[in-house]
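A short worksheet on the structure shown next.
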Amino acid sequence: MKAFSPRERQGVYRAIASRRDIRVFRSDPIPPAILARLLRAAHQGPSVGFMQPWNFIVIDDAELKRCVHGMVIREKEAAATDFAGQRRDIYRGLKLDGILEAPINLCVTCDPTRFGPGVIGRHTIRETDLFSVCCAIENLWLAARAEGVGVGWVSILRSDELRAILAIPEPVFPVAYLCVGFPNGFTDRPMLEAIGWAPRLELSDLVYVNGWGARSGAEDLFRRLRDEGPLR
């Protein structure tokens with residue numbers, strides 16, 4: 001199959017570069033057709049051994065959202081002890097979820113038993129079911145950006161408590177709790193980069209050749225990485 005046209009490629013790279021972790025949402029509902037397309041994009045994600053270990057719990061019930069949000073408030077305060085001084089104050093002031101505002105919350109789960117024990121490619125690395133679910137989540141996230149929809153991953157949760165709230169059976173486990181809705185906008189840079197919480201690392205510093213830490217013989221590659229600059 002031919003490569004995408006320049007315009008099509010630009011659209012793919014734009015979605016990758018402008019994807020953001022969204023925390024502030026408008027109240028507008030997501031049209032069912034858009035939500036269906038996002039879920040279909042996720043379901044088309046790659047999976048080791050074609051195990052497709054994911055399920056998607058669509059949450060629009062206000063009481064369920066409040067239960068999950070209460071857990072987030074509690075766990076955010078507990079996590080503040082990981083930081084000290086001014087950094088702790090900054091952390092406490094960050095908005096880290098949009099659970100109550102987003103019209104849709106989405107829990108993406110992983111079923112490690114799907115298709116039984118004999119899954120191709122999973123004999124030595126059992127965690128490939130989890131890796132596959134993460135690929136599905138990225139598919140959904142990029143498709144959402146192309147639709148003008150924002151996604152925010154809420155990670156300050158207790159998995160066992162979330163499993164109880166959503167009646168998720170063992171051994172299925174929740175991988176991601178996502179807030180999904182139309183955002184006020186997409187910022188030029190990720191929030192934590194913009195406020196100086198952490199810098200964006202240089203890609204050329206993260207690429208090795210033929211072994212950890214080895215860079216010899218790849219000068220042209222590193223030069224091109226620097227010259228190309230960020231995706232746009």
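Chain labels run A, B, ... following the order of the structure tokens; each chain numbers its residues from 1, and ligands are numbered from 1 in the order shown.
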Tell me which protein, DNA and RNA residues are within 8 Å of segment 28-34 of chain A, counting only C-alpha atoms, leaving out same-chain ones fewer than 5 positions away, and put them as a list in words. Pro103, Ile104, Glu147, Gly181 and Phe182 of chain A
Once DSSP has gone over the backbone, tell me which residues of segment 81-117 of chain A are in strand (DSSP E or B), as a ChimeraX atom specification. /A:104-110
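Nearest residue to His69 of chain A among A:Ala102, A:Leu201, A:Leu192, A:Val172 is A:Ala102, counting only C-alpha atoms.
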Spatial neighbours of segment 78-91 of chain A, 10 Å, only C-alpha atoms, chain gap at least 6 places, as an NGL selection string: :A and (72 or 156 or 195 or 197)
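Shell of Met191 of chain A at 12 Å, with only C-alpha atoms counted and residues fewer than 5 places along the chain excluded, is Arg19, Arg20, Asp21, Ile22, Arg23, Val24, Leu94, Lys95, Leu96, Gly152, Phe186, Gly196, Trp197, Ala198, Pro199 and Arg200 of chain A.
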With C-alpha atoms retained, export the selected residues as a PDB file, in the first residue's frame.
ATOM      1  CA  ARG A  19      -2.741  15.655  21.772  1.00  0.00           C
ATOM      2  CA  ARG A  20      -3.068  16.881  25.355  1.00  0.00           C
ATOM      3  CA  ASP A  21      -4.143  15.559  28.736  1.00  0.00           C
ATOM      4  CA  ILE A  22      -7.316  17.613  29.197  1.00  0.00           C
ATOM      5  CA  ARG A  23      -8.665  18.634  32.614  1.00  0.00           C
ATOM      6  CA  VAL A  24     -11.246  21.315  31.785  1.00  0.00           C
ATOM      7  CA  LEU A  94      -3.134  21.596  40.082  1.00  0.00           C
ATOM      8  CA  LYS A  95      -6.418  20.490  38.531  1.00  0.00           C
ATOM      9  CA  LEU A  96      -5.788  16.801  37.891  1.00  0.00           C
ATOM     10  CA  GLY A 152      -7.799  13.219  30.362  1.00  0.00           C
ATOM     11  CA  PHE A 186      -5.868  22.586  23.306  1.00  0.00           C
ATOM     12  CA  GLY A 196       7.882  24.294  34.645  1.00  0.00           C
ATOM     13  CA  TRP A 197       7.104  21.122  36.596  1.00  0.00           C
ATOM     14  CA  ALA A 198       9.247  19.048  34.234  1.00  0.00           C
ATOM     15  CA  PRO A 199      11.163  19.785  31.002  1.00  0.00           C
ATOM     16  CA  ARG A 200      10.680  18.062  27.668  1.00  0.00           C
TER      17      ARG A 200
END
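The residue that comes closest to Gly121 of chain A, out of A:Gly49, A:Gly229, A:Gly98, A:Pro190 and on the basis of only C-alpha atoms, is A:Gly49.
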From A:Glu138, A:Glu77, A:Glu8, A:Asp60, residue lying nearest Gly45 of chain A [only C-alpha atoms]: A:Glu138
To one decimal place in Å, what is the distance between atom CA of Leu142 of chain A and atom CA of Ile73 of chain A? 27.9 Å
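The gap separating atom CA of Arg14 of chain A from atom CA of Val209 of chain A is 27.6 Å, in Å to one decimal.
The nearest approach to Arg189 of chain A among the residues A:Val58, A:Ser18, A:Gln10, A:Pro171, with only C-alpha atoms taken into account, belongs to A:Ser18.
Here atom CA of Asp129 of chain A is placed at a distance of 7.4 Å from atom CA of Met51 of chain A.
The closest residue to Glu228 of chain A, picked from A:Tyr208, A:Val68, A:Ala41, A:Glu202 and counting only C-alpha atoms, is A:Glu202.
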Please report, as an MDAnalysis selection string, each residue of segment 145-225 of chain A to which DSSP assigns alpha helix (DSSP H) when run on this structure's backbone. chainID A and resid 145:146 159:165 191:194 219:225
May I have the residues within 8 Å of Gln44 of chain A as a PyMOL selection string, using only C-alpha atoms and disregarding those fewer than 3 positions away in the same chain? chain A and resi 40-41+136+139
Next, dump the selected residues to file, keeping only C-alpha atoms, as a compact mmCIF listing (two decimals), in the first residue's frame.
# COMPACT_ATOMS: atom_id res chain seq x y z
CA ARG A 40 -14.01 1.71 17.15
CA ALA A 41 -10.59 3.35 16.82
CA ALA A 136 -5.89 0.83 22.28
CA ASN A 139 -5.64 4.98 19.37
